[in-house]
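**Student:** Pasting entry-v7.cif below, which is mmCIF, C-alpha atoms and all ligand atoms.
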data_run
#
loop_
_atom_site.label_atom_id
_atom_site.label_comp_id
_atom_site.auth_asym_id
_atom_site.auth_seq_id
_atom_site.Cartn_x
_atom_site.Cartn_y
_atom_site.Cartn_z
CA MET A 867 22.65 54.18 25.62
CA LYS A 868 20.84 53.43 22.41
CA ILE A 869 18.32 50.61 22.22
CA ALA A 870 16.83 49.35 18.98
CA VAL A 871 13.23 48.32 19.56
CA LEU A 872 11.88 45.69 17.16
CA PRO A 873 8.30 44.73 18.08
CA GLY A 874 7.80 42.20 15.23
CA ASP A 875 4.56 40.29 14.80
CA GLY A 876 1.57 38.86 16.64
CA ILE A 877 1.74 39.74 20.33
CA GLY A 878 5.18 41.31 19.73
CA PRO A 879 3.93 44.94 19.57
CA GLU A 880 1.69 44.44 22.66
CA ILE A 881 4.37 42.99 24.92
CA VAL A 882 7.13 45.31 23.68
CA ALA A 883 4.87 48.32 24.42
CA GLN A 884 4.83 47.23 28.09
CA ALA A 885 8.60 46.79 28.21
CA VAL A 886 9.01 50.24 26.64
CA LYS A 887 6.71 51.70 29.34
CA VAL A 888 9.09 50.25 31.93
CA LEU A 889 12.16 51.66 30.17
CA LYS A 890 10.52 55.08 29.87
CA ALA A 891 9.61 55.05 33.56
CA LEU A 892 13.25 54.32 34.42
CA ALA A 893 14.30 57.06 32.00
CA SER A 894 12.10 59.58 33.78
CA ASP A 895 14.04 58.59 36.92
CA GLY A 896 17.39 59.36 35.30
CA LEU A 897 18.29 56.27 33.25
CA LYS A 898 19.79 57.54 30.01
CA VAL A 899 18.12 55.69 27.13
CA GLU A 900 17.40 56.51 23.55
CA LEU A 901 14.91 54.23 21.81
CA GLU A 902 14.49 53.77 18.09
CA GLN A 903 11.96 51.45 16.52
CA ALA A 904 12.24 49.33 13.36
CA HIS A 905 10.54 46.43 11.60
CA ILE A 906 11.48 42.76 11.72
CA GLY A 907 9.82 39.49 10.75
CA GLY A 908 6.48 39.63 8.97
CA ALA A 909 6.33 43.37 9.74
CA GLY A 910 9.65 43.78 7.91
CA TYR A 911 8.36 41.76 4.97
CA ASP A 912 5.16 43.85 4.81
CA ALA A 913 7.00 47.17 5.07
CA ALA A 914 10.12 46.50 3.01
CA GLY A 915 9.77 43.07 1.36
CA ASP A 916 12.41 41.56 3.67
CA PRO A 917 12.04 39.98 7.14
CA LEU A 918 15.25 41.76 8.10
CA PRO A 919 15.32 45.07 6.19
CA ASP A 920 18.79 46.60 5.76
CA ALA A 921 17.72 49.61 7.82
CA THR A 922 16.84 47.31 10.74
CA MET A 923 20.18 45.49 10.65
CA LYS A 924 21.98 48.83 10.46
CA LEU A 925 20.02 50.16 13.43
CA ALA A 926 20.86 46.99 15.41
CA GLN A 927 24.55 47.43 14.59
CA ASP A 928 24.49 51.12 15.55
CA SER A 929 22.72 50.41 18.87
CA ASP A 930 24.13 49.20 22.18
CA ALA A 931 21.38 46.63 22.57
CA VAL A 932 18.29 45.32 20.80
CA LEU A 933 14.90 44.63 22.33
CA LEU A 934 12.81 42.27 20.22
CA GLY A 935 9.21 41.09 20.64
CA ALA A 936 8.56 38.03 18.51
CA VAL A 937 8.17 37.13 14.86
CA GLY A 938 5.94 34.86 12.84
CA GLY A 939 2.38 34.45 11.72
CA TRP A 940 0.24 32.03 9.79
CA GLN A 941 -0.08 34.41 6.83
CA TYR A 942 3.67 34.15 6.25
CA ASP A 943 4.02 30.35 6.53
CA THR A 944 3.73 29.74 2.78
CA LEU A 945 6.23 32.38 1.65
CA PRO A 946 9.50 31.18 0.13
CA ARG A 947 11.74 30.35 3.09
CA PRO A 948 14.13 33.34 2.84
CA MET A 949 11.12 35.69 3.11
CA ARG A 950 9.69 34.08 6.23
CA PRO A 951 9.72 36.00 9.51
CA GLU A 952 11.81 33.35 11.30
CA GLN A 953 14.64 33.90 8.78
CA GLY A 954 14.76 37.55 9.82
CA LEU A 955 15.28 36.47 13.41
CA LEU A 956 17.99 33.95 12.52
CA ARG A 957 19.76 36.53 10.36
CA ILE A 958 19.79 39.22 13.03
CA ARG A 959 21.15 36.71 15.59
CA LYS A 960 23.86 35.63 13.17
CA GLY A 961 24.55 39.19 11.99
CA MET A 962 24.98 40.42 15.55
CA GLY A 963 27.11 37.38 16.41
CA VAL A 964 25.04 36.70 19.53
CA PHE A 965 26.08 33.09 20.03
CA ALA A 966 25.27 32.77 23.75
CA ASN A 967 21.58 32.58 24.54
CA LEU A 968 20.82 32.66 28.27
CA ARG A 969 17.35 31.46 29.20
CA PRO A 970 16.76 31.51 32.94
CA ALA A 971 13.89 29.39 34.24
CA LEU A 972 13.09 30.88 37.62
CA LEU A 973 9.99 30.07 39.59
CA TYR A 974 8.50 33.02 41.44
CA PRO A 975 7.07 31.49 44.64
CA GLU A 976 3.65 33.05 43.97
CA LEU A 977 3.40 31.03 40.75
CA ALA A 978 4.09 27.59 42.23
CA SER A 979 0.43 26.70 41.79
CA ALA A 980 0.33 28.08 38.22
CA SER A 981 2.75 25.42 37.03
CA THR A 982 1.23 22.23 35.69
CA LEU A 983 3.73 20.35 37.86
CA LYS A 984 3.25 19.74 41.56
CA PRO A 985 4.37 22.75 43.66
CA GLU A 986 6.92 20.62 45.55
CA VAL A 987 8.57 19.61 42.26
CA VAL A 988 9.08 23.21 41.12
CA SER A 989 9.28 25.36 44.26
CA GLY A 990 12.67 27.05 44.51
CA LEU A 991 13.46 26.26 40.88
CA ASP A 992 16.28 28.38 39.43
CA ILE A 993 17.90 26.97 36.27
CA MET A 994 20.04 28.78 33.71
CA ILE A 995 19.90 27.24 30.26
CA VAL A 996 22.82 28.33 28.09
CA ARG A 997 21.87 27.64 24.49
CA GLU A 998 24.30 28.05 21.60
CA LEU A 999 22.48 30.30 19.14
CA THR A 1000 24.34 30.82 15.87
CA GLY A 1001 25.35 27.31 14.83
CA ASP A 1002 24.04 23.73 14.72
CA ILE A 1003 21.36 22.38 12.40
CA TYR A 1004 19.86 25.87 12.14
CA PHE A 1005 22.75 27.12 10.02
CA GLY A 1006 24.62 23.99 8.80
CA GLN A 1007 25.13 23.43 5.07
CA PRO A 1008 24.00 21.65 2.98
CA ARG A 1009 20.34 22.27 3.52
CA GLY A 1010 17.26 22.38 1.36
CA ILE A 1011 14.75 20.19 -0.41
CA GLN A 1012 16.11 18.37 -3.44
CA VAL A 1013 15.19 15.50 -5.74
CA ASN A 1014 17.24 12.37 -5.10
CA ASP A 1015 18.43 9.65 -7.52
CA LYS A 1016 15.09 7.85 -7.27
CA GLY A 1017 13.23 10.97 -8.31
CA GLU A 1018 11.91 11.43 -4.81
CA ARG A 1019 12.09 14.72 -2.93
CA GLU A 1020 14.19 14.74 0.22
CA GLY A 1021 14.70 17.38 2.86
CA ILE A 1022 18.20 18.00 4.19
CA ASN A 1023 19.55 19.87 7.19
CA THR A 1024 23.02 19.48 8.57
CA MET A 1025 23.96 19.42 12.24
CA ARG A 1026 27.39 20.98 12.45
CA TYR A 1027 29.64 22.50 15.09
CA CYS A 1028 33.32 23.34 14.83
CA GLU A 1029 35.66 23.26 17.82
CA SER A 1030 35.90 27.02 18.29
CA GLU A 1031 32.11 27.38 18.35
CA ILE A 1032 31.86 24.70 21.03
CA ARG A 1033 34.72 26.17 23.02
CA ARG A 1034 33.28 29.69 23.17
CA ILE A 1035 29.83 28.58 24.34
CA ALA A 1036 31.34 26.12 26.83
CA LYS A 1037 33.40 28.99 28.27
CA VAL A 1038 30.20 30.99 28.80
CA GLY A 1039 28.65 27.98 30.53
CA TYR A 1040 31.62 27.40 32.80
CA GLU A 1041 31.85 31.07 33.73
CA ILE A 1042 28.18 31.28 34.61
CA ALA A 1043 28.53 28.06 36.62
CA MET A 1044 31.45 29.63 38.53
CA LYS A 1045 29.18 32.53 39.55
CA ARG A 1046 26.35 30.22 40.61
CA SER A 1047 26.51 26.81 42.29
CA ARG A 1048 29.46 25.48 40.23
CA LYS A 1049 27.37 22.70 38.74
CA LEU A 1050 27.28 22.40 34.97
CA CYS A 1051 25.30 19.83 33.00
CA SER A 1052 26.12 19.53 29.32
CA VAL A 1053 23.29 18.11 27.24
CA ASP A 1054 24.02 16.23 24.03
CA LYS A 1055 23.24 13.15 21.99
CA ALA A 1056 26.81 11.84 21.90
CA ASN A 1057 25.60 8.24 21.81
CA VAL A 1058 24.35 8.80 18.26
CA LEU A 1059 25.57 12.10 16.75
CA GLU A 1060 29.22 12.84 15.97
CA THR A 1061 28.58 16.60 16.21
CA THR A 1062 27.77 16.16 19.87
CA GLU A 1063 30.51 13.56 20.41
CA LEU A 1064 32.90 16.42 19.59
CA TRP A 1065 30.84 18.74 21.81
CA ARG A 1066 31.22 16.35 24.76
CA GLU A 1067 34.95 15.88 24.19
CA ILE A 1068 35.62 19.63 24.13
CA VAL A 1069 33.39 20.47 27.09
CA THR A 1070 35.08 17.68 29.10
CA GLY A 1071 38.56 18.87 28.12
CA MET A 1072 37.82 22.41 29.34
CA ASN A 1073 36.92 21.17 32.81
CA LYS A 1074 40.64 21.31 33.68
CA ASP A 1075 40.46 25.12 33.34
CA TYR A 1076 37.54 25.21 35.76
CA PRO A 1077 38.42 22.47 38.26
CA GLU A 1078 35.91 23.78 40.83
CA VAL A 1079 33.03 23.14 38.43
CA GLU A 1080 31.31 19.79 38.81
CA LEU A 1081 30.61 18.78 35.21
CA SER A 1082 28.04 16.20 34.23
CA HIS A 1083 26.74 15.05 30.86
CA MET A 1084 23.25 13.98 29.95
CA TYR A 1085 21.66 12.76 26.75
CA VAL A 1086 18.98 15.14 25.54
CA ASP A 1087 16.15 12.62 25.71
CA ASN A 1088 16.95 11.88 29.34
CA ALA A 1089 17.34 15.61 30.05
CA ALA A 1090 13.84 16.25 28.67
CA MET A 1091 12.50 13.59 31.01
CA GLN A 1092 14.54 14.73 34.05
CA LEU A 1093 13.34 18.33 33.58
CA VAL A 1094 9.81 17.29 34.42
CA ARG A 1095 10.74 14.49 36.85
CA ALA A 1096 13.15 16.39 39.11
CA PRO A 1097 14.06 19.78 37.61
CA LYS A 1098 15.82 21.06 40.73
CA GLN A 1099 18.74 18.69 40.12
CA PHE A 1100 19.87 21.19 37.45
CA ASP A 1101 21.62 24.51 37.93
CA VAL A 1102 23.41 25.56 34.72
CA MET A 1103 22.76 23.55 31.54
CA ILE A 1104 24.68 24.06 28.30
CA THR A 1105 23.51 22.70 25.03
CA GLY A 1106 23.38 23.28 21.29
CA ASN A 1107 20.92 25.37 19.36
CA ILE A 1108 18.18 22.86 18.56
CA PHE A 1109 18.23 21.00 21.88
CA GLY A 1110 18.28 24.34 23.72
CA ASP A 1111 15.28 25.57 21.75
CA ILE A 1112 13.24 22.57 22.82
CA LEU A 1113 14.47 22.25 26.41
CA SER A 1114 13.93 25.96 27.14
CA ASP A 1115 10.28 25.80 26.08
CA GLU A 1116 9.91 22.75 28.30
CA ALA A 1117 11.63 24.50 31.22
CA SER A 1118 9.38 27.53 30.79
CA MET A 1119 6.34 25.53 31.86
CA LEU A 1120 8.06 24.72 35.14
CA THR A 1121 7.85 28.44 35.91
CA GLY A 1122 4.12 28.59 35.30
CA SER A 1123 4.03 29.80 31.72
CA ILE A 1124 6.15 30.41 28.67
CA GLY A 1125 5.10 34.03 29.14
CA MET A 1126 7.51 34.20 32.11
CA LEU A 1127 10.77 33.16 30.42
CA PRO A 1128 13.08 36.01 29.31
CA SER A 1129 16.29 35.67 27.34
CA ALA A 1130 19.56 37.40 26.63
CA SER A 1131 21.60 36.62 23.52
CA LEU A 1132 25.15 37.89 23.87
CA ASP A 1133 28.20 38.30 21.68
CA ALA A 1134 31.77 38.07 22.95
CA ASN A 1135 31.59 41.67 24.25
CA ASN A 1136 28.20 41.35 25.94
CA LYS A 1137 26.44 43.38 23.29
CA GLY A 1138 23.05 41.76 23.18
CA LEU A 1139 19.72 40.96 21.68
CA TYR A 1140 16.98 40.62 24.27
CA GLU A 1141 13.70 38.84 23.64
CA PRO A 1142 11.20 36.65 25.42
CA SER A 1143 11.73 32.93 24.75
CA HIS A 1144 8.24 32.51 23.37
CA GLY A 1145 6.87 33.25 19.94
CA SER A 1146 4.34 35.62 18.42
CA ALA A 1147 1.37 33.65 19.80
CA PRO A 1148 -0.95 34.38 16.85
CA ASP A 1149 -3.78 32.61 18.71
CA ILE A 1150 -3.98 35.42 21.26
CA ALA A 1151 -2.59 38.39 19.29
CA GLY A 1152 -4.48 41.68 19.28
CA LYS A 1153 -6.52 40.83 22.38
CA ASP A 1154 -4.37 42.54 25.02
CA ILE A 1155 -4.19 39.31 27.02
CA ALA A 1156 -0.58 38.18 26.48
CA ASN A 1157 1.81 38.02 29.39
CA PRO A 1158 4.39 40.82 29.01
CA LEU A 1159 6.58 39.70 31.93
CA ALA A 1160 9.07 37.65 29.87
CA THR A 1161 9.72 40.76 27.76
CA ILE A 1162 9.91 43.07 30.78
CA LEU A 1163 12.32 40.63 32.45
CA SER A 1164 14.38 40.59 29.24
CA VAL A 1165 14.86 44.34 29.74
CA ALA A 1166 16.20 43.56 33.22
CA MET A 1167 18.67 41.15 31.61
CA MET A 1168 19.66 43.89 29.14
CA LEU A 1169 20.40 46.31 31.96
CA ARG A 1170 22.44 43.65 33.78
CA TYR A 1171 24.44 42.09 30.96
CA THR A 1172 24.94 44.86 28.40
CA PHE A 1173 24.72 47.98 30.56
CA ASN A 1174 26.18 46.59 33.81
CA ASN A 1175 23.38 48.32 35.68
CA GLU A 1176 22.57 45.80 38.38
CA GLU A 1177 20.58 48.36 40.33
CA ALA A 1178 18.10 49.07 37.51
CA ALA A 1179 17.89 45.35 36.65
CA GLY A 1180 17.07 44.58 40.28
CA ARG A 1181 14.43 47.30 40.34
CA ILE A 1182 12.58 45.66 37.45
CA GLU A 1183 12.87 42.16 38.92
CA ASN A 1184 11.63 43.37 42.30
CA ALA A 1185 8.74 45.18 40.66
CA VAL A 1186 7.75 41.92 38.92
CA LYS A 1187 7.95 40.06 42.24
CA ASN A 1188 5.77 42.77 43.82
CA VAL A 1189 3.05 42.69 41.19
CA LEU A 1190 2.86 38.91 41.50
CA ALA A 1191 2.66 39.26 45.29
CA GLN A 1192 -0.12 41.83 44.82
CA GLY A 1193 -1.99 39.11 42.92
CA TYR A 1194 -1.85 40.45 39.34
CA ARG A 1195 -2.04 37.63 36.80
CA THR A 1196 -2.42 37.55 33.03
CA ALA A 1197 -4.64 34.76 31.72
CA ASP A 1198 -1.79 32.26 31.23
CA ILE A 1199 -0.82 32.33 34.93
CA TYR A 1200 -4.24 33.02 36.40
CA THR A 1201 -5.39 30.83 39.27
CA GLU A 1202 -8.50 31.19 41.40
CA GLY A 1203 -8.35 33.97 43.95
CA THR A 1204 -5.88 36.12 42.00
CA ARG A 1205 -6.52 39.36 40.03
CA LYS A 1206 -6.89 38.88 36.31
CA ALA A 1207 -4.95 41.55 34.42
CA SER A 1208 -4.68 42.36 30.74
CA CYS A 1209 -1.30 42.74 29.07
CA SER A 1210 -1.40 46.53 29.40
CA GLU A 1211 -2.67 46.40 32.99
CA MET A 1212 0.21 44.11 33.89
CA GLY A 1213 2.66 46.54 32.27
CA ALA A 1214 1.13 49.45 34.18
CA ALA A 1215 1.28 47.47 37.45
CA VAL A 1216 5.00 46.80 36.95
CA VAL A 1217 5.61 50.50 36.24
CA ALA A 1218 3.70 51.41 39.40
CA ALA A 1219 5.77 48.93 41.42
CA LEU A 1220 9.17 50.15 40.20
N1 LIG B 1 11.56 34.26 19.15
C1 LIG B 1 10.51 34.27 18.32
O1 LIG B 1 10.23 35.29 17.72
C2 LIG B 1 9.70 33.04 18.17
C3 LIG B 1 9.78 31.99 19.10
C4 LIG B 1 8.95 30.87 18.93
C5 LIG B 1 8.05 30.84 17.89
N2 LIG B 1 7.99 31.88 17.01
C6 LIG B 1 6.99 31.94 15.95
O2 LIG B 1 5.74 32.26 16.57
C7 LIG B 1 4.67 31.68 15.84
C8 LIG B 1 3.82 30.85 16.77
O3 LIG B 1 4.55 29.74 17.24
P1 LIG B 1 4.08 28.72 18.35
O4 LIG B 1 2.59 28.80 18.47
O5 LIG B 1 4.72 27.45 18.09
O6 LIG B 1 4.77 29.28 19.70
P2 LIG B 1 4.37 30.50 20.64
O7 LIG B 1 5.44 30.59 21.69
O8 LIG B 1 4.11 31.72 19.86
O9 LIG B 1 3.00 30.06 21.33
C9 LIG B 1 2.84 28.80 21.98
C10 LIG B 1 1.67 28.90 22.97
O10 LIG B 1 2.06 29.71 24.08
C11 LIG B 1 1.20 30.81 24.21
N3 LIG B 1 2.02 31.99 24.56
C12 LIG B 1 3.21 32.33 24.02
N4 LIG B 1 3.65 33.49 24.55
C13 LIG B 1 2.71 33.88 25.43
C14 LIG B 1 2.60 35.01 26.31
N5 LIG B 1 3.52 35.97 26.38
N6 LIG B 1 1.49 35.10 27.09
C15 LIG B 1 0.56 34.14 27.06
N7 LIG B 1 0.61 33.05 26.27
C16 LIG B 1 1.68 32.93 25.46
C17 LIG B 1 0.51 30.99 22.86
O11 LIG B 1 -0.74 31.63 23.00
C18 LIG B 1 0.43 29.55 22.37
O12 LIG B 1 -0.72 28.94 22.89
C19 LIG B 1 5.33 30.88 14.71
O13 LIG B 1 5.30 31.67 13.55
C20 LIG B 1 6.76 30.66 15.20
O14 LIG B 1 7.68 30.49 14.17
C21 LIG B 1 8.78 32.98 17.14
C1 LIG B 2 11.26 31.30 15.73
C2 LIG B 2 12.46 30.42 15.85
C3 LIG B 2 13.42 30.72 14.74
C4 LIG B 2 13.15 30.53 17.23
C5 LIG B 2 14.25 29.48 17.35
O1 LIG B 2 14.03 28.32 16.96
O2 LIG B 2 15.32 29.83 17.83
C6 LIG B 2 12.27 30.39 18.44
O3 LIG B 2 11.68 29.15 18.56
C7 LIG B 2 13.06 30.72 19.70
O4 LIG B 2 13.12 29.87 20.59
O5 LIG B 2 13.58 31.84 19.80
MG MG B 3 11.82 28.32 20.52
#
Transcribe the structure of this file into structure tokens.
**Tutor:**
Amino acid sequence: MKIAVLPGDGIGPEIVAQAVKVLKALASDGLKVELEQAHIGGAGYDAAGDPLPDATMKLAQDSDAVLLGAVGGWQYDTLPRPMRPEQGLLRIRKGMGVFANLRPALLYPELASASTLKPEVVSGLDIMIVRELTGDIYFGQPRGIQVNDKGEREGINTMRYCESEIRRIAKVGYEIAMKRSRKLCSVDKANVLETTELWREIVTGMNKDYPEVELSHMYVDNAAMQLVRAPKQFDVMITGNIFGDILSDEASMLTGSIGMLPSASLDANNKGLYEPSHGSAPDIAGKDIANPLATILSVAMMLRYTFNNEEAAGRIENAVKNVLAQGYRTADIYTEGTRKASCSEMGAAVVAAL
């Protein structure tokens, strides 16, 4: 199997190096993997004048899966928008057609005290956020900054979903719910936004195809509040691109740190792009202190969803559990009495625990 490795910017190269160590360790044990690296984001702009160079998109299309670190950096924030790192990420998601973004918020028992919430609120937490990834206000037209009739500049973005886009993500949500506790909460803002009124109507209509699934609906503002009030009421959540972006960062803190939250972005055939849910963390880049576990756990998701290799996925997840049980902690999840580890030490500990 061929994996395109796109480290990107900021902490991207540091965390991806740890995930690659894990893949190479599995390869030395017989897993057949071929890795090829390419630039994306600011690194793509620096190397080829484009945040998604053609060669990178071609490599992604020729590979079975893509492992991505993160993109973005302050030095790129004033570039014209099409040249910004984030556009490279949006283009590769769209280009690969990976519309289903799975972001599991799982609390490892050892990290209950690392969360900023009370341990009893988060212990046993296991939520799957299913975020639509290639539509919504991220891609809707018209968009831009224009001068209006009064000579004043105005910024425009358009929230937009068509029925088929809603249907295909809802199907993913229902099917995941069927494999878990059969509880699905759809998050929208149907009280105000027509886009999500349609979303709610379609998700509700599909419940007849999955009668065992207990469907509920929640407005996004309430969902944001409920996630910190009583997060264990949720099992599978489905939502659109922008709400899912925000809610998944919020959910990550329930698990102790955003450095713990992996993701899988899948197309209709389970070909996928795998990346941590966090960004390039420019504030800590280059210091070897970032948490690589979200990226390492994204590799486990790759093995499970794209390569159907549950055994290898389980090996990685167990190794992560073991290193946490042994007390290894990067700075973001460090609590008194545990063993502070750098990014590379954490990667090495996971390899040793495989
Ligand atoms: N998928 C992506 O590539 C992605 C996601 C989000 C943000 N970004 C980009 O990243 C840049 C920074 O954005 P931001 O600061 O809003 O979000 P961020 O997720 O990069 O960082 C937010 C905070 O979390 C910390 N953090 C993030 N990942 C961590 C890890 N693995 N270990 C320890 N701490 C970690 C950071 O140090 C920072 O304090 C921006 O350019 C943004 O556009 C990229
Ligand atoms: C960097 C940005 C384009 C991206 C998003 O908004 O999807 C990020 O926040 C994420 O969550 O992966
Ligand atoms: Mg985000």
**Student:** Any residue with an atom at most 6 Å from ligand LIG 1 (chain B) counts, using all atoms listed in the file. Which are they? Put them as an mmCIF file with C-alpha atoms, keeping the file's coordinate frame.
**Tutor:**
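Result file selection-v4.cif:
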data_model
loop_
_atom_site.group_PDB
_atom_site.id
_atom_site.type_symbol
_atom_site.label_atom_id
_atom_site.label_comp_id
_atom_site.auth_asym_id
_atom_site.auth_seq_id
_atom_site.Cartn_x
_atom_site.Cartn_y
_atom_site.Cartn_z
ATOM 1 C CA ALA A 936 8.560 38.030 18.510
ATOM 2 C CA VAL A 937 8.170 37.130 14.860
ATOM 3 C CA GLY A 938 5.940 34.860 12.840
ATOM 4 C CA GLY A 939 2.380 34.450 11.720
ATOM 5 C CA GLU A 952 11.810 33.350 11.300
ATOM 6 C CA ILE A 1124 6.150 30.410 28.670
ATOM 7 C CA GLY A 1125 5.100 34.030 29.140
ATOM 8 C CA SER A 1143 11.730 32.930 24.750
ATOM 9 C CA HIS A 1144 8.240 32.510 23.370
ATOM 10 C CA GLY A 1145 6.870 33.250 19.940
ATOM 11 C CA SER A 1146 4.340 35.620 18.420
ATOM 12 C CA ALA A 1147 1.370 33.650 19.800
ATOM 13 C CA PRO A 1148 -0.950 34.380 16.850
ATOM 14 C CA ASP A 1149 -3.780 32.610 18.710
ATOM 15 C CA ILE A 1150 -3.980 35.420 21.260
ATOM 16 C CA ALA A 1156 -0.580 38.180 26.480
ATOM 17 C CA ASN A 1157 1.810 38.020 29.390
ATOM 18 C CA PRO A 1158 4.390 40.820 29.010
ATOM 19 C CA ASP A 1198 -1.790 32.260 31.230
#
**Student:** Identify which of the residues A:Gln903, A:Gln1012, A:Ser1114, A:Gln953 lies closest to Ile995 (chain A), counting only C-alpha atoms when measuring atom-to-atom distances.
**Tutor:**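 Using only C-alpha atoms, the shortest distance to Ile995 (chain A) belongs to A:Ser1114.
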**Student:** What lies within 10 Å of Asp1087 (chain A) using all atoms listed in the file, ignoring chain neighbours under 2 positions off, as a compact mmCIF listing (two decimals) with C-alpha atoms, keeping the file's coordinate frame?
**Tutor:**
# COMPACT_ATOMS: atom_id res chain seq x y z
CA VAL A 1053 23.29 18.11 27.24
CA ASP A 1054 24.02 16.23 24.03
CA LYS A 1055 23.24 13.15 21.99
CA MET A 1084 23.25 13.98 29.95
CA TYR A 1085 21.66 12.76 26.75
CA ALA A 1089 17.34 15.61 30.05
CA ALA A 1090 13.84 16.25 28.67
CA MET A 1091 12.50 13.59 31.01
CA GLN A 1092 14.54 14.73 34.05
CA PHE A 1109 18.23 21.00 21.88
CA LEU A 1113 14.47 22.25 26.41
**Student:** Against region 998-1011 of chain A, which residues of region 1054-1166 of chain A fall within 10 Å? For each one I want the closest pair of atoms and the distance in Å (one decimal), counting only C-alpha atoms, rows by chain and increasing residue number, as a Markdown table.
**Tutor:**
| residue | atom | partner | partner_atom | distance |
| --- | --- | --- | --- | --- |
| A:Thr1061 | CA | A:Asp1002 | CA | 8.6 |
| A:Thr1062 | CA | A:Asp1002 | CA | 9.9 |
| A:Ile1104 | CA | A:Glu998 | CA | 7.8 |
| A:Thr1105 | CA | A:Glu998 | CA | 6.4 |
| A:Gly1106 | CA | A:Glu998 | CA | 4.9 |
| A:Asn1107 | CA | A:Glu998 | CA | 4.9 |
| A:Ile1108 | CA | A:Ile1003 | CA | 6.9 |
| A:Phe1109 | CA | A:Glu998 | CA | 9.3 |
| A:Gly1110 | CA | A:Glu998 | CA | 7.4 |
| A:Asp1111 | CA | A:Leu999 | CA | 9.0 |
| A:Ser1131 | CA | A:Leu999 | CA | 7.7 |
| A:Leu1132 | CA | A:Leu999 | CA | 9.3 |
**Student:** Could you give me the centre and size, in Å to one decimal, of an axis-aligned box around all listed atoms of region 903-914 of chain A with 3 Å added on every side, as lines of an AutoDock Vina configuration file?
**Tutor:**
center_x = 8.7
center_y = 45.5
center_z = 9.8
size_x = 13.1
size_y = 18.0
size_z = 19.5
**Student:** Just checking: using all atoms listed in the file, which residue out of A:Asn1175, A:Thr922, A:Asn967, A:Ser979 ends up closest to Leu1120 (chain A)?
**Tutor:**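 Of A:Asn1175, A:Thr922, A:Asn967, A:Ser979, the one nearest Leu1120 (chain A), counting all atoms listed in the file, is A:Ser979.
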**Student:** Go ahead and compute the interatomic distance for CA of Gly935 (chain A) and CA of Asp1115 (chain A), in Å to one decimal.
**Tutor:**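 So the two atoms, CA of Gly935 (chain A) and CA of Asp1115 (chain A), lie 16.3 Å apart.
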**Student:** Of the residues A:Cys1209, A:Ala966, A:Ile1032, A:Pro919, which is the one nearest to Ala1151 (chain A), using all atoms listed in the file?
**Tutor:**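 For Ala1151 (chain A), the nearest of the given residues is A:Cys1209.
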